[in-house]
Amino acid sequence: MNIRSYLILMTALILMLSACSEKVPTDLAQTAFIPQPASVTATGEAFEINNSNIVYVQEGVEGLQTVADYLTGELNRITGYTLTTQTVNSVPSKGIYLSVSPNSDLKAEGYELNIGKKLVTVQGTDLAGTFYGIQTLLQALPVKAVAGEPLYVATGVVRDFPEYGYRGMMLDVARHFFSVDDVKRVIDLCAYYKINTLHLHLSDDQGWRIEIKSWPKLTEIGGSTQVGGGKGGFYTQEQYKEIVQYAVDRQIIIVPEIDMPGHTNAALASYPELNPDGKARELYTGIEVGFSTLATNMDITYQFVEDVIRELAAITPGPYFHIGGDESHVTKHDDYVYFINRIQPLVTKYGKKIVGWDEIANADLEEDVTVQFWSNVKNTSMGLEKGAKVLVSPGARTYMDMKYDSTTVLGLKWAGFIEVDHAYTWSPDTVVPGLQKEQILGIEAPLWSETLEKIEDIEFMVFPRLPGYAEIGWTANDLRNWDEYKLRLAKHGKRFEDYNINFYRSPLVPWEK
């Protein structure tokens, strides 16, 4: 080989190696994590994911195999590989190892993700922590593998834990009904961003969406329509349990809400005896609020309420039951207070903690009640004085059914427009004067469905706002900054596309092409 040929060959090799090295990530700190972790330390190398990798599972940890199956499912979807799992009683020398071990340095739901050149370990302080460490690992990967090319993840250590223990989304399935598969889709999207609670608004004036076997006409009649007059629908108790289990497998608890004493026209249309005059109300398909109420002075009302709570609590493993309590405008104040006081013991009787919209603070609250702040600061402050915790959901910041701007076709605007920056640039401990961090249960972003009819509508109003709410609930205030966050969010546009999310491309975010 002459010198000229040798030089050409060496130049080609150098260019090839350079091109390859550019594709291998080595700085974990440059990863666009959402939510932002508590700490990320890069170690400058890369772990290769290939078809020979095995996901090892610590022996003897209940539920950990389900978490491992979730990880292999996601890795196989991204890579096209067929990775498998294996239970072990000691730490392996290579591959991916999942474990659970209490760690006094990390809070509940915390984890340490250690990515080495040969071995990746995900150790949670509990099962949820390991699951969230997996989500962080998945975000460190490229969105999609290129067939025939190796897949790498930068090495380093992530130590992480949440600020708040309740990080939720609410889905209104009463105004418009959404199928079991639609709800599962929402659960998957929540899980990607470490949301751990899905609040289901199961009843309202327009529809009753959960089977109550002792009161079957609630779904037969009350579940038969929706806003605009469509066919409506409901979940059987078996379908509801299927939703609950799907959520549990993704470390999400379901919080059922039966709104009362107002927002009850669907129930009043189903059973004449729930009305003082003994006459069933007409089904309602509009979007006005505040015109219906249960009869607070009739014994049958409380038998009805107890039956509903009893049946729903029995199929809901999570700790909370939401009693609604908002916008009961035609219920006299004293009657409203009497009703809330009387139903609270029914919730605790069946082993659940009470959550209600901020209006319930007008009643005499029992111990361990949570007031959900959505509108009225005075009500919320009253709840704090009575010893309640606060679930933070300010309408003007967190209501995902609010339009992004004046051109948004879907949604409403009574609480104002909520662009992506407005959804992100606030803190839970500043929305109510005097509210202390230790008094906050967490944050929840509600989605009301007056204008939403299909899953694509849900996705458009939820994304890209939900990742920001997830970060507010997970990440310390001093680690959050809009100018930096929007750059990380921009990189998630490709992930949204890979997940087939119908998202709003906010002009405030410099989305990557």
# chains A, B, ... in the order shown; residues from 1 in each chain; ligands from 1

$ residues_around --residues "Glu512 of chain A" --least-positions-apart "4" --cutoff "8 Å" --atoms "only C-alpha atoms" --output "MDAnalysis selection string"
chainID A and resid 490:491 493:494

$ select_by_dssp --residues "segment 131-281 of chain A" --states "strand (DSSP E)" --output "PyMOL selection string"
chain A and resi 151-160+166-172+197-201+203-204+207-208+253-257

$ closest_residue --among "A:Thr348, A:Tyr302, A:Val420, A:Val432" --to "Leu384 of chain A" --atoms "only C-alpha atoms"
A:Val432

$ closest_residue --among "A:Leu412, A:Val347, A:Ala145, A:Ala445" --to "Ile195 of chain A" --atoms "only C-alpha atoms"
A:Ala445

$ residues_around --residues "Ile210 of chain A" --least-positions-apart "6" --cutoff "8 Å" --atoms "only C-alpha atoms" --output "list of chain:residue names"
A:Leu202, A:Ser203, A:Thr219, A:Phe234, A:Tyr235, A:Thr236, A:Gln237, A:Tyr240

$ write_last_selection --atoms "C-alpha atoms" --output "compact mmCIF listing (two decimals), in the first residue's frame"
# COMPACT_ATOMS: atom_id res chain seq x y z
CA LEU A 202 -67.62 9.75 37.87
CA SER A 203 -70.91 11.62 38.24
CA THR A 219 -76.39 3.76 34.89
CA PHE A 234 -70.69 3.76 32.05
CA TYR A 235 -68.16 1.40 33.60
CA THR A 236 -69.30 -1.87 35.09
CA GLN A 237 -67.69 -2.62 38.41
CA TYR A 240 -63.65 -0.16 36.96

$ residues_around --residues "segment 71-73 of chain A" --least-positions-apart "4" --cutoff "7 Å" --atoms "only C-alpha atoms" --output "PyMOL selection string"
chain A and resi 67+77+83-84+134

$ write_last_selection --atoms "C-alpha atoms" --output "mmCIF file, in the first residue's frame"
data_model
loop_
_atom_site.group_PDB
_atom_site.id
_atom_site.type_symbol
_atom_site.label_atom_id
_atom_site.label_comp_id
_atom_site.auth_asym_id
_atom_site.auth_seq_id
_atom_site.Cartn_x
_atom_site.Cartn_y
_atom_site.Cartn_z
ATOM 1 C CA VAL A 67 -42.277 -3.297 37.224
ATOM 2 C CA ARG A 77 -40.929 -1.174 21.950
ATOM 3 C CA LEU A 83 -35.285 -8.550 26.223
ATOM 4 C CA THR A 84 -36.233 -10.873 29.061
ATOM 5 C CA ILE A 134 -37.217 3.263 35.301
#

$ atom_distance --atom1 "atom CA of Val462 of chain A" --atom2 "atom CA of Glu257 of chain A"
20.1 Å

$ closest_residue --among "A:Ile360, A:Val431, A:Leu346, A:Ala32" --to "Val143 of chain A" --atoms "only C-alpha atoms"
A:Ala32

$ residues_around --residues "segment 101-115 of chain A" --least-positions-apart "4" --cutoff "8 Å" --atoms "only C-alpha atoms" --output "VMD selection string"
chain A and resid 47 119 to 130 132 to 133 137 154 to 162 165

$ residues_around --residues "Lys332 of chain A" --least-positions-apart "6" --cutoff "10 Å" --atoms "only C-alpha atoms" --output "list in words"
Thr293, Thr296 and Tyr338 of chain A
